[in-house]
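Reproduced below: upload.cif, with mmCIF, N, CA and C atoms.
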```cif
data_structure
#
loop_
_atom_site.group_PDB
_atom_site.id
_atom_site.type_symbol
_atom_site.label_atom_id
_atom_site.label_comp_id
_atom_site.auth_asym_id
_atom_site.auth_seq_id
_atom_site.Cartn_x
_atom_site.Cartn_y
_atom_site.Cartn_z
ATOM 1 N N MET U 106 -89.985 -38.802 188.058
ATOM 2 C CA MET U 106 -90.511 -39.568 186.942
ATOM 3 C C MET U 106 -91.835 -40.256 187.309
ATOM 4 N N ILE U 107 -91.866 -40.804 188.514
ATOM 5 C CA ILE U 107 -93.086 -41.480 188.971
ATOM 6 C C ILE U 107 -94.220 -40.477 189.108
ATOM 7 N N ARG U 108 -93.872 -39.260 189.558
ATOM 8 C CA ARG U 108 -94.885 -38.216 189.691
ATOM 9 C C ARG U 108 -95.524 -37.889 188.348
ATOM 10 N N ILE U 109 -94.739 -37.840 187.310
ATOM 11 C CA ILE U 109 -95.257 -37.533 185.972
ATOM 12 C C ILE U 109 -96.190 -38.644 185.503
ATOM 13 N N LEU U 110 -95.798 -39.882 185.721
ATOM 14 C CA LEU U 110 -96.644 -41.022 185.333
ATOM 15 C C LEU U 110 -97.954 -41.037 186.112
ATOM 16 N N LEU U 111 -97.887 -40.742 187.402
ATOM 17 C CA LEU U 111 -99.107 -40.702 188.213
ATOM 18 C C LEU U 111 -100.033 -39.583 187.745
ATOM 19 N N ARG U 112 -99.465 -38.413 187.462
ATOM 20 C CA ARG U 112 -100.288 -37.316 186.962
ATOM 21 C C ARG U 112 -100.942 -37.680 185.629
ATOM 22 N N PHE U 113 -100.155 -38.289 184.759
ATOM 23 C CA PHE U 113 -100.694 -38.706 183.466
ATOM 24 C C PHE U 113 -101.842 -39.706 183.664
ATOM 25 N N ALA U 114 -101.676 -40.676 184.560
ATOM 26 C CA ALA U 114 -102.714 -41.671 184.819
ATOM 27 C C ALA U 114 -103.967 -41.008 185.383
ATOM 28 N N VAL U 115 -103.813 -40.060 186.285
ATOM 29 C CA VAL U 115 -104.962 -39.372 186.872
ATOM 30 C C VAL U 115 -105.679 -38.533 185.813
ATOM 31 N N TYR U 116 -104.935 -37.810 185.002
ATOM 32 C CA TYR U 116 -105.551 -37.013 183.943
ATOM 33 C C TYR U 116 -106.263 -37.894 182.914
ATOM 34 N N PHE U 117 -105.658 -39.008 182.621
ATOM 35 C CA PHE U 117 -106.277 -39.928 181.658
ATOM 36 C C PHE U 117 -107.586 -40.491 182.208
ATOM 37 N N LEU U 118 -107.597 -40.883 183.484
ATOM 38 C CA LEU U 118 -108.826 -41.380 184.107
ATOM 39 C C LEU U 118 -109.892 -40.293 184.166
ATOM 40 N N LEU U 119 -109.499 -39.075 184.470
ATOM 41 C CA LEU U 119 -110.453 -37.971 184.476
ATOM 42 C C LEU U 119 -111.028 -37.732 183.078
ATOM 43 N N PHE U 120 -110.174 -37.832 182.078
ATOM 44 C CA PHE U 120 -110.627 -37.674 180.702
ATOM 45 C C PHE U 120 -111.664 -38.751 180.359
ATOM 46 N N LEU U 121 -111.400 -40.009 180.716
ATOM 47 C CA LEU U 121 -112.338 -41.094 180.422
ATOM 48 C C LEU U 121 -113.666 -40.903 181.153
ATOM 49 N N LEU U 122 -113.616 -40.488 182.404
ATOM 50 C CA LEU U 122 -114.837 -40.250 183.163
ATOM 51 C C LEU U 122 -115.641 -39.096 182.568
ATOM 52 N N LEU U 123 -114.965 -38.013 182.207
ATOM 53 C CA LEU U 123 -115.645 -36.866 181.618
ATOM 54 C C LEU U 123 -116.267 -37.244 180.273
ATOM 55 N N ARG U 124 -115.544 -37.979 179.465
ATOM 56 C CA ARG U 124 -116.076 -38.409 178.165
ATOM 57 C C ARG U 124 -117.303 -39.311 178.340
ATOM 58 N N SER U 125 -117.240 -40.241 179.278
ATOM 59 C CA SER U 125 -118.374 -41.114 179.541
ATOM 60 C C SER U 125 -119.582 -40.317 180.029
ATOM 61 N N PHE U 126 -119.348 -39.358 180.911
ATOM 62 C CA PHE U 126 -120.428 -38.520 181.422
ATOM 63 C C PHE U 126 -121.073 -37.713 180.304
ATOM 64 N N LEU U 127 -120.260 -37.125 179.436
ATOM 65 C CA LEU U 127 -120.802 -36.315 178.350
ATOM 66 C C LEU U 127 -121.559 -37.179 177.338
ATOM 67 N N ARG U 128 -121.083 -38.366 177.082
ATOM 68 C CA ARG U 128 -121.809 -39.268 176.168
ATOM 69 C C ARG U 128 -123.178 -39.619 176.731
ATOM 70 N N ASN U 129 -123.223 -39.915 178.011
ATOM 71 C CA ASN U 129 -124.509 -40.238 178.634
ATOM 72 C C ASN U 129 -125.425 -39.026 178.670
ATOM 73 N N LEU U 130 -124.867 -37.867 178.874
ATOM 74 C CA LEU U 130 -125.654 -36.643 178.961
ATOM 75 C C LEU U 130 -126.256 -36.254 177.621
ATOM 76 N N PHE U 131 -125.488 -36.393 176.557
ATOM 77 C CA PHE U 131 -125.945 -35.969 175.237
ATOM 78 C C PHE U 131 -126.384 -37.110 174.338
ATOM 79 N N GLY U 132 -126.535 -38.293 174.843
ATOM 80 C CA GLY U 132 -127.077 -39.402 174.066
ATOM 81 C C GLY U 132 -126.081 -40.101 173.167
ATOM 82 N N GLY U 133 -124.829 -39.997 173.430
ATOM 83 C CA GLY U 133 -123.837 -40.702 172.626
ATOM 84 C C GLY U 133 -123.275 -39.831 171.530
ATOM 85 N N SER U 134 -122.054 -40.133 171.141
ATOM 86 C CA SER U 134 -121.403 -39.334 170.109
ATOM 87 C C SER U 134 -121.582 -39.927 168.722
ATOM 88 N N ARG U 135 -122.023 -41.161 168.637
ATOM 89 C CA ARG U 135 -122.198 -41.798 167.340
ATOM 90 C C ARG U 135 -123.613 -41.535 166.832
ATOM 91 N N ALA U 136 -123.693 -41.264 165.560
ATOM 92 C CA ALA U 136 -125.005 -41.035 164.956
ATOM 93 C C ALA U 136 -125.731 -42.370 164.829
ATOM 94 N N GLN U 137 -126.984 -42.374 165.188
ATOM 95 C CA GLN U 137 -127.778 -43.586 165.092
ATOM 96 C C GLN U 137 -128.206 -43.797 163.654
ATOM 97 N N VAL U 138 -128.031 -45.005 163.161
ATOM 98 C CA VAL U 138 -128.452 -45.348 161.814
ATOM 99 C C VAL U 138 -129.935 -45.691 161.872
ATOM 100 N N PRO U 139 -130.767 -45.004 161.075
ATOM 101 C CA PRO U 139 -132.200 -45.314 161.124
ATOM 102 C C PRO U 139 -132.459 -46.730 160.605
ATOM 103 N N ARG U 140 -133.296 -47.450 161.320
ATOM 104 C CA ARG U 140 -133.641 -48.812 160.918
ATOM 105 C C ARG U 140 -134.664 -48.777 159.801
ATOM 106 N N SER U 141 -134.578 -49.755 158.958
ATOM 107 C CA SER U 141 -135.500 -49.849 157.837
ATOM 108 C C SER U 141 -136.893 -50.175 158.356
ATOM 109 N N ARG U 142 -137.888 -49.523 157.800
ATOM 110 C CA ARG U 142 -139.273 -49.766 158.207
ATOM 111 C C ARG U 142 -139.891 -50.938 157.453
ATOM 112 N N THR U 143 -139.227 -51.396 156.399
ATOM 113 C CA THR U 143 -139.774 -52.513 155.631
ATOM 114 C C THR U 143 -139.553 -53.806 156.400
ATOM 115 N N PRO U 144 -140.508 -54.703 156.370
ATOM 116 C CA PRO U 144 -140.338 -55.965 157.098
ATOM 117 C C PRO U 144 -139.231 -56.805 156.472
ATOM 118 N N GLN U 145 -138.447 -57.413 157.318
ATOM 119 C CA GLN U 145 -137.348 -58.248 156.868
ATOM 120 C C GLN U 145 -137.833 -59.686 156.715
ATOM 121 N N PRO U 146 -137.326 -60.409 155.719
ATOM 122 C CA PRO U 146 -137.722 -61.807 155.574
ATOM 123 C C PRO U 146 -137.181 -62.628 156.731
ATOM 124 N N PRO U 147 -137.882 -63.674 157.108
ATOM 125 C CA PRO U 147 -137.400 -64.502 158.214
ATOM 126 C C PRO U 147 -136.104 -65.199 157.805
ATOM 127 N N PRO U 148 -135.247 -65.482 158.769
ATOM 128 C CA PRO U 148 -133.997 -66.145 158.437
ATOM 129 C C PRO U 148 -134.238 -67.545 157.892
ATOM 130 N N VAL U 149 -133.434 -67.918 156.910
ATOM 131 C CA VAL U 149 -133.559 -69.233 156.286
ATOM 132 C C VAL U 149 -132.753 -70.221 157.109
ATOM 133 N N PRO U 150 -133.356 -71.347 157.481
ATOM 134 C CA PRO U 150 -132.598 -72.328 158.242
ATOM 135 C C PRO U 150 -131.442 -72.872 157.406
ATOM 136 N N ALA U 151 -130.278 -72.916 158.007
ATOM 137 C CA ALA U 151 -129.094 -73.395 157.294
ATOM 138 C C ALA U 151 -129.047 -74.918 157.323
ATOM 139 N N GLY U 152 -128.351 -75.451 156.374
ATOM 140 C CA GLY U 152 -128.140 -76.894 156.351
ATOM 141 C C GLY U 152 -129.146 -77.605 155.483
ATOM 142 N N GLY U 153 -129.100 -78.886 155.554
ATOM 143 C CA GLY U 153 -129.991 -79.694 154.746
ATOM 144 C C GLY U 153 -129.271 -80.217 153.516
ATOM 145 N N GLU U 154 -129.676 -81.354 153.079
ATOM 146 C CA GLU U 154 -129.111 -81.965 151.891
ATOM 147 C C GLU U 154 -129.693 -81.294 150.652
ATOM 148 N N LEU U 155 -128.934 -81.231 149.576
ATOM 149 C CA LEU U 155 -129.427 -80.641 148.340
ATOM 150 C C LEU U 155 -130.052 -81.715 147.462
ATOM 151 N N LYS U 156 -131.245 -81.423 146.986
ATOM 152 C CA LYS U 156 -131.970 -82.320 146.077
ATOM 153 C C LYS U 156 -132.356 -81.533 144.831
ATOM 154 N N LYS U 157 -132.488 -82.247 143.724
ATOM 155 C CA LYS U 157 -132.811 -81.603 142.450
ATOM 156 C C LYS U 157 -134.319 -81.516 142.274
ATOM 157 N N ASP U 158 -134.799 -80.314 141.941
ATOM 158 C CA ASP U 158 -136.210 -80.091 141.641
ATOM 159 C C ASP U 158 -136.519 -80.809 140.322
ATOM 160 N N PRO U 159 -137.538 -81.708 140.295
ATOM 161 C CA PRO U 159 -137.813 -82.457 139.072
ATOM 162 C C PRO U 159 -138.422 -81.611 137.953
ATOM 163 N N VAL U 160 -138.884 -80.410 138.249
ATOM 164 C CA VAL U 160 -139.518 -79.573 137.234
ATOM 165 C C VAL U 160 -138.491 -78.669 136.561
ATOM 166 N N CYS U 161 -137.796 -77.861 137.354
ATOM 167 C CA CYS U 161 -136.890 -76.870 136.752
ATOM 168 C C CYS U 161 -135.420 -77.255 136.843
ATOM 169 N N GLY U 162 -135.093 -78.257 137.644
ATOM 170 C CA GLY U 162 -133.712 -78.709 137.740
ATOM 171 C C GLY U 162 -132.862 -77.960 138.741
ATOM 172 N N THR U 163 -133.453 -77.053 139.491
ATOM 173 C CA THR U 163 -132.718 -76.305 140.507
ATOM 174 C C THR U 163 -132.413 -77.209 141.688
ATOM 175 N N TYR U 164 -131.218 -77.073 142.261
ATOM 176 C CA TYR U 164 -130.888 -77.811 143.475
ATOM 177 C C TYR U 164 -131.374 -76.995 144.668
ATOM 178 N N VAL U 165 -132.116 -77.653 145.544
ATOM 179 C CA VAL U 165 -132.752 -76.970 146.663
ATOM 180 C C VAL U 165 -132.453 -77.733 147.946
ATOM 181 N N SER U 166 -132.320 -76.991 149.058
ATOM 182 C CA SER U 166 -132.060 -77.595 150.355
ATOM 183 C C SER U 166 -133.310 -78.318 150.850
ATOM 184 N N THR U 167 -133.125 -79.481 151.425
ATOM 185 C CA THR U 167 -134.268 -80.225 151.960
ATOM 186 C C THR U 167 -134.893 -79.504 153.148
ATOM 187 N N ALA U 168 -134.136 -78.613 153.788
ATOM 188 C CA ALA U 168 -134.658 -77.876 154.940
ATOM 189 C C ALA U 168 -135.630 -76.781 154.531
ATOM 190 N N THR U 169 -135.517 -76.266 153.301
ATOM 191 C CA THR U 169 -136.343 -75.135 152.894
ATOM 192 C C THR U 169 -137.248 -75.438 151.719
ATOM 193 N N SER U 170 -137.284 -76.672 151.268
ATOM 194 C CA SER U 170 -138.011 -76.996 150.041
ATOM 195 C C SER U 170 -139.472 -77.347 150.301
ATOM 196 N N PHE U 171 -140.250 -77.331 149.229
ATOM 197 C CA PHE U 171 -141.617 -77.834 149.229
ATOM 198 C C PHE U 171 -141.529 -79.311 148.864
ATOM 199 N N THR U 172 -142.320 -80.146 149.507
ATOM 200 C CA THR U 172 -142.212 -81.581 149.257
ATOM 201 C C THR U 172 -143.540 -82.182 148.830
ATOM 202 N N LYS U 173 -143.417 -83.298 148.124
ATOM 203 C CA LYS U 173 -144.585 -84.080 147.723
ATOM 204 C C LYS U 173 -144.133 -85.529 147.654
ATOM 205 N N THR U 174 -144.949 -86.420 148.198
ATOM 206 C CA THR U 174 -144.627 -87.844 148.150
ATOM 207 C C THR U 174 -145.418 -88.494 147.021
ATOM 208 N N VAL U 175 -144.705 -89.147 146.097
ATOM 209 C CA VAL U 175 -145.311 -89.809 144.957
ATOM 210 C C VAL U 175 -144.781 -91.238 144.920
ATOM 211 N N HIS U 176 -145.691 -92.216 145.022
ATOM 212 C CA HIS U 176 -145.339 -93.627 145.004
ATOM 213 C C HIS U 176 -144.261 -93.958 146.030
ATOM 214 N N GLY U 177 -144.368 -93.387 147.220
ATOM 215 C CA GLY U 177 -143.430 -93.657 148.304
ATOM 216 C C GLY U 177 -142.118 -92.894 148.214
ATOM 217 N N GLU U 178 -141.922 -92.097 147.177
ATOM 218 C CA GLU U 178 -140.697 -91.326 147.012
ATOM 219 C C GLU U 178 -140.988 -89.854 147.313
ATOM 220 N N VAL U 179 -140.135 -89.234 148.113
ATOM 221 C CA VAL U 179 -140.305 -87.828 148.460
ATOM 222 C C VAL U 179 -139.614 -86.983 147.392
ATOM 223 N N LEU U 180 -140.370 -86.075 146.791
ATOM 224 C CA LEU U 180 -139.835 -85.161 145.789
ATOM 225 C C LEU U 180 -139.707 -83.777 146.417
ATOM 226 N N TYR U 181 -138.654 -83.053 146.051
ATOM 227 C CA TYR U 181 -138.370 -81.739 146.618
ATOM 228 C C TYR U 181 -138.481 -80.684 145.522
ATOM 229 N N PHE U 182 -139.162 -79.567 145.837
ATOM 230 C CA PHE U 182 -139.405 -78.508 144.858
ATOM 231 C C PHE U 182 -138.872 -77.193 145.402
ATOM 232 N N CYS U 183 -138.388 -76.346 144.487
ATOM 233 C CA CYS U 183 -137.810 -75.060 144.904
ATOM 234 C C CYS U 183 -138.875 -74.033 145.256
ATOM 235 N N SER U 184 -140.068 -74.161 144.676
ATOM 236 C CA SER U 184 -141.103 -73.158 144.911
ATOM 237 C C SER U 184 -142.487 -73.795 144.827
ATOM 238 N N LYS U 185 -143.478 -73.039 145.276
ATOM 239 C CA LYS U 185 -144.874 -73.478 145.193
ATOM 240 C C LYS U 185 -145.288 -73.618 143.733
ATOM 241 N N GLU U 186 -144.753 -72.752 142.882
ATOM 242 C CA GLU U 186 -145.098 -72.807 141.460
ATOM 243 C C GLU U 186 -144.639 -74.124 140.832
ATOM 244 N N CYS U 187 -143.418 -74.557 141.152
ATOM 245 C CA CYS U 187 -142.925 -75.829 140.607
ATOM 246 C C CYS U 187 -143.737 -77.003 141.161
ATOM 247 N N LEU U 188 -144.120 -76.932 142.417
ATOM 248 C CA LEU U 188 -144.944 -77.988 143.000
ATOM 249 C C LEU U 188 -146.294 -78.056 142.305
ATOM 250 N N ASP U 189 -146.910 -76.898 142.076
ATOM 251 C CA ASP U 189 -148.199 -76.860 141.377
ATOM 252 C C ASP U 189 -148.061 -77.336 139.933
ATOM 253 N N ARG U 190 -146.976 -76.946 139.291
ATOM 254 C CA ARG U 190 -146.760 -77.361 137.905
ATOM 255 C C ARG U 190 -146.604 -78.873 137.813
ATOM 256 N N TYR U 191 -145.917 -79.452 138.781
ATOM 257 C CA TYR U 191 -145.750 -80.902 138.806
ATOM 258 C C TYR U 191 -147.103 -81.587 139.036
ATOM 259 N N GLY U 192 -147.919 -81.003 139.904
ATOM 260 C CA GLY U 192 -149.242 -81.573 140.181
ATOM 261 C C GLY U 192 -150.171 -81.495 139.001
ATOM 262 N N LYS U 193 -150.001 -80.492 138.145
ATOM 263 C CA LYS U 193 -150.864 -80.327 136.976
ATOM 264 C C LYS U 193 -150.356 -81.103 135.758
ATOM 265 N N ALA U 194 -149.190 -81.723 135.890
ATOM 266 C CA ALA U 194 -148.607 -82.442 134.756
ATOM 267 C C ALA U 194 -149.525 -83.591 134.335
ATOM 268 N N LYS U 195 -149.539 -83.867 133.048
ATOM 269 C CA LYS U 195 -150.391 -84.930 132.525
ATOM 270 C C LYS U 195 -149.883 -86.304 132.932
ATOM 271 N N HIS U 196 -148.566 -86.452 133.005
ATOM 272 C CA HIS U 196 -147.963 -87.746 133.332
ATOM 273 C C HIS U 196 -146.956 -87.533 134.443
ATOM 274 N N TYR U 197 -146.976 -88.424 135.426
ATOM 275 C CA TYR U 197 -146.023 -88.300 136.511
ATOM 276 C C TYR U 197 -144.592 -88.572 136.033
ATOM 277 N N GLY U 198 -144.423 -89.324 134.972
ATOM 278 C CA GLY U 198 -143.106 -89.613 134.469
ATOM 279 C C GLY U 198 -142.473 -88.433 133.761
ATOM 280 N N ASP U 199 -143.279 -87.468 133.319
ATOM 281 C CA ASP U 199 -142.764 -86.307 132.604
ATOM 282 C C ASP U 199 -143.315 -85.031 133.236
ATOM 283 N N PRO U 200 -142.669 -84.531 134.317
ATOM 284 C CA PRO U 200 -143.203 -83.371 135.021
ATOM 285 C C PRO U 200 -143.137 -82.080 134.223
ATOM 286 N N LYS U 201 -142.360 -82.031 133.147
ATOM 287 C CA LYS U 201 -142.221 -80.785 132.381
ATOM 288 C C LYS U 201 -143.345 -80.597 131.375
ATOM 289 N N THR U 202 -144.272 -81.546 131.280
ATOM 290 C CA THR U 202 -145.352 -81.400 130.299
ATOM 291 C C THR U 202 -146.530 -80.627 130.850
ATOM 292 N N GLY U 203 -146.479 -80.201 132.109
ATOM 293 C CA GLY U 203 -147.591 -79.435 132.686
ATOM 294 C C GLY U 203 -147.626 -78.034 132.120
ATOM 295 N N SER U 204 -148.717 -77.311 132.395
ATOM 296 C CA SER U 204 -148.820 -75.940 131.896
ATOM 297 C C SER U 204 -148.242 -74.971 132.894
#
```

Could I get this file's structure written as structure tokens?
Amino acid sequence: MIRILLRFAVYFLLFLLLRSFLRNLFGGSRAQVPRSRTPQPPPVPAGGELKKDPVCGTYVSTATSFTKTVHGEVLYFCSKECLDRYGKAKHYGDPKTGS
């Protein structure tokens, strides 16, 4: 019985060595997935408190938002467009009146 187990162990080890050798020789058995050539966006930093955009009302992370300080208060914007729209507003009290 022990002889059978030893033979099985030796054959199994030989099989693993042969498989490893053949994989190295032929470049692996798994097909390589082609990588996308399009540039990937940079990773967005996680975390940050959520603040409401005064122009569109979207909640945006303080870690990724555009900011503007008005009368000592920091305002957070979801995009450059909302920041520009707020800057073009006729009255600071009503940011939605801008063009």

Query raised in the report: Closest to Gly162 (chain U) among U:Ile107, U:Thr143, U:Phe120, U:Tyr181, using only C-alpha atoms?
Result: U:Tyr181

Report task. Find the spatial neighbours of Ser166 (chain U), counting all atoms listed in the file, within a cut-off of 7 Å - ignore same-chain residues fewer than 3 positions away - and output them as a list of chain:residue names. Result ->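 Within the cut-off, the hits are U:Gly152, U:Gly153, U:Glu154, U:Leu155, U:Lys156, U:Thr169, U:Ser170.
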
Query - Length of the CA of Ala194 (chain U) to CA of Pro159 (chain U) vector [Å] - result: 11.6 Å

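For the set U:Leu188, U:Leu121, U:Met106, U:Cys183, the residue with the smallest atom-to-atom gap to Asp158 (chain U) is U:Cys183, counting all atoms listed in the file.
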
Query raised in the report: For the atom pair CA of Ser184 (chain U) and CA of Ala168 (chain U), what is the interatomic distance in Å to one decimal place?
Result: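 We find that CA of Ser184 (chain U) and CA of Ala168 (chain U) lie 12.8 Å from each other.
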
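Residue nearest Thr163 (chain U), chosen from U:Phe182, U:Leu122, U:Tyr116, U:Asp189 and counting only C-alpha atoms: U:Phe182.
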
Query raised in the report: Expressed in Å to a single decimal, how great is the separation between atom N of Cys161 (chain U) and atom N of Leu180 (chain U)?
Result: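 Interatomic distance here is 12.8 Å.
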
Requested in this report: Write down as a ChimeraX atom specification the residues belonging to region 112-199 of chain U that are assigned alpha helix (DSSP H) by DSSP computed on the backbone.
Outcome: /U:112-131,185-192

Can you tell me, as JSON, the centre and edge lengths (Å, one decimal) of the axis-aligned box enclosing all of region 174-179 of chain U's listed atoms after padding each side by 5 Å?
```
{"center_x": -142.7, "center_y": -90.2, "center_z": 146.7, "size_x": 16.1, "size_y": 17.5, "size_z": 13.5}
```
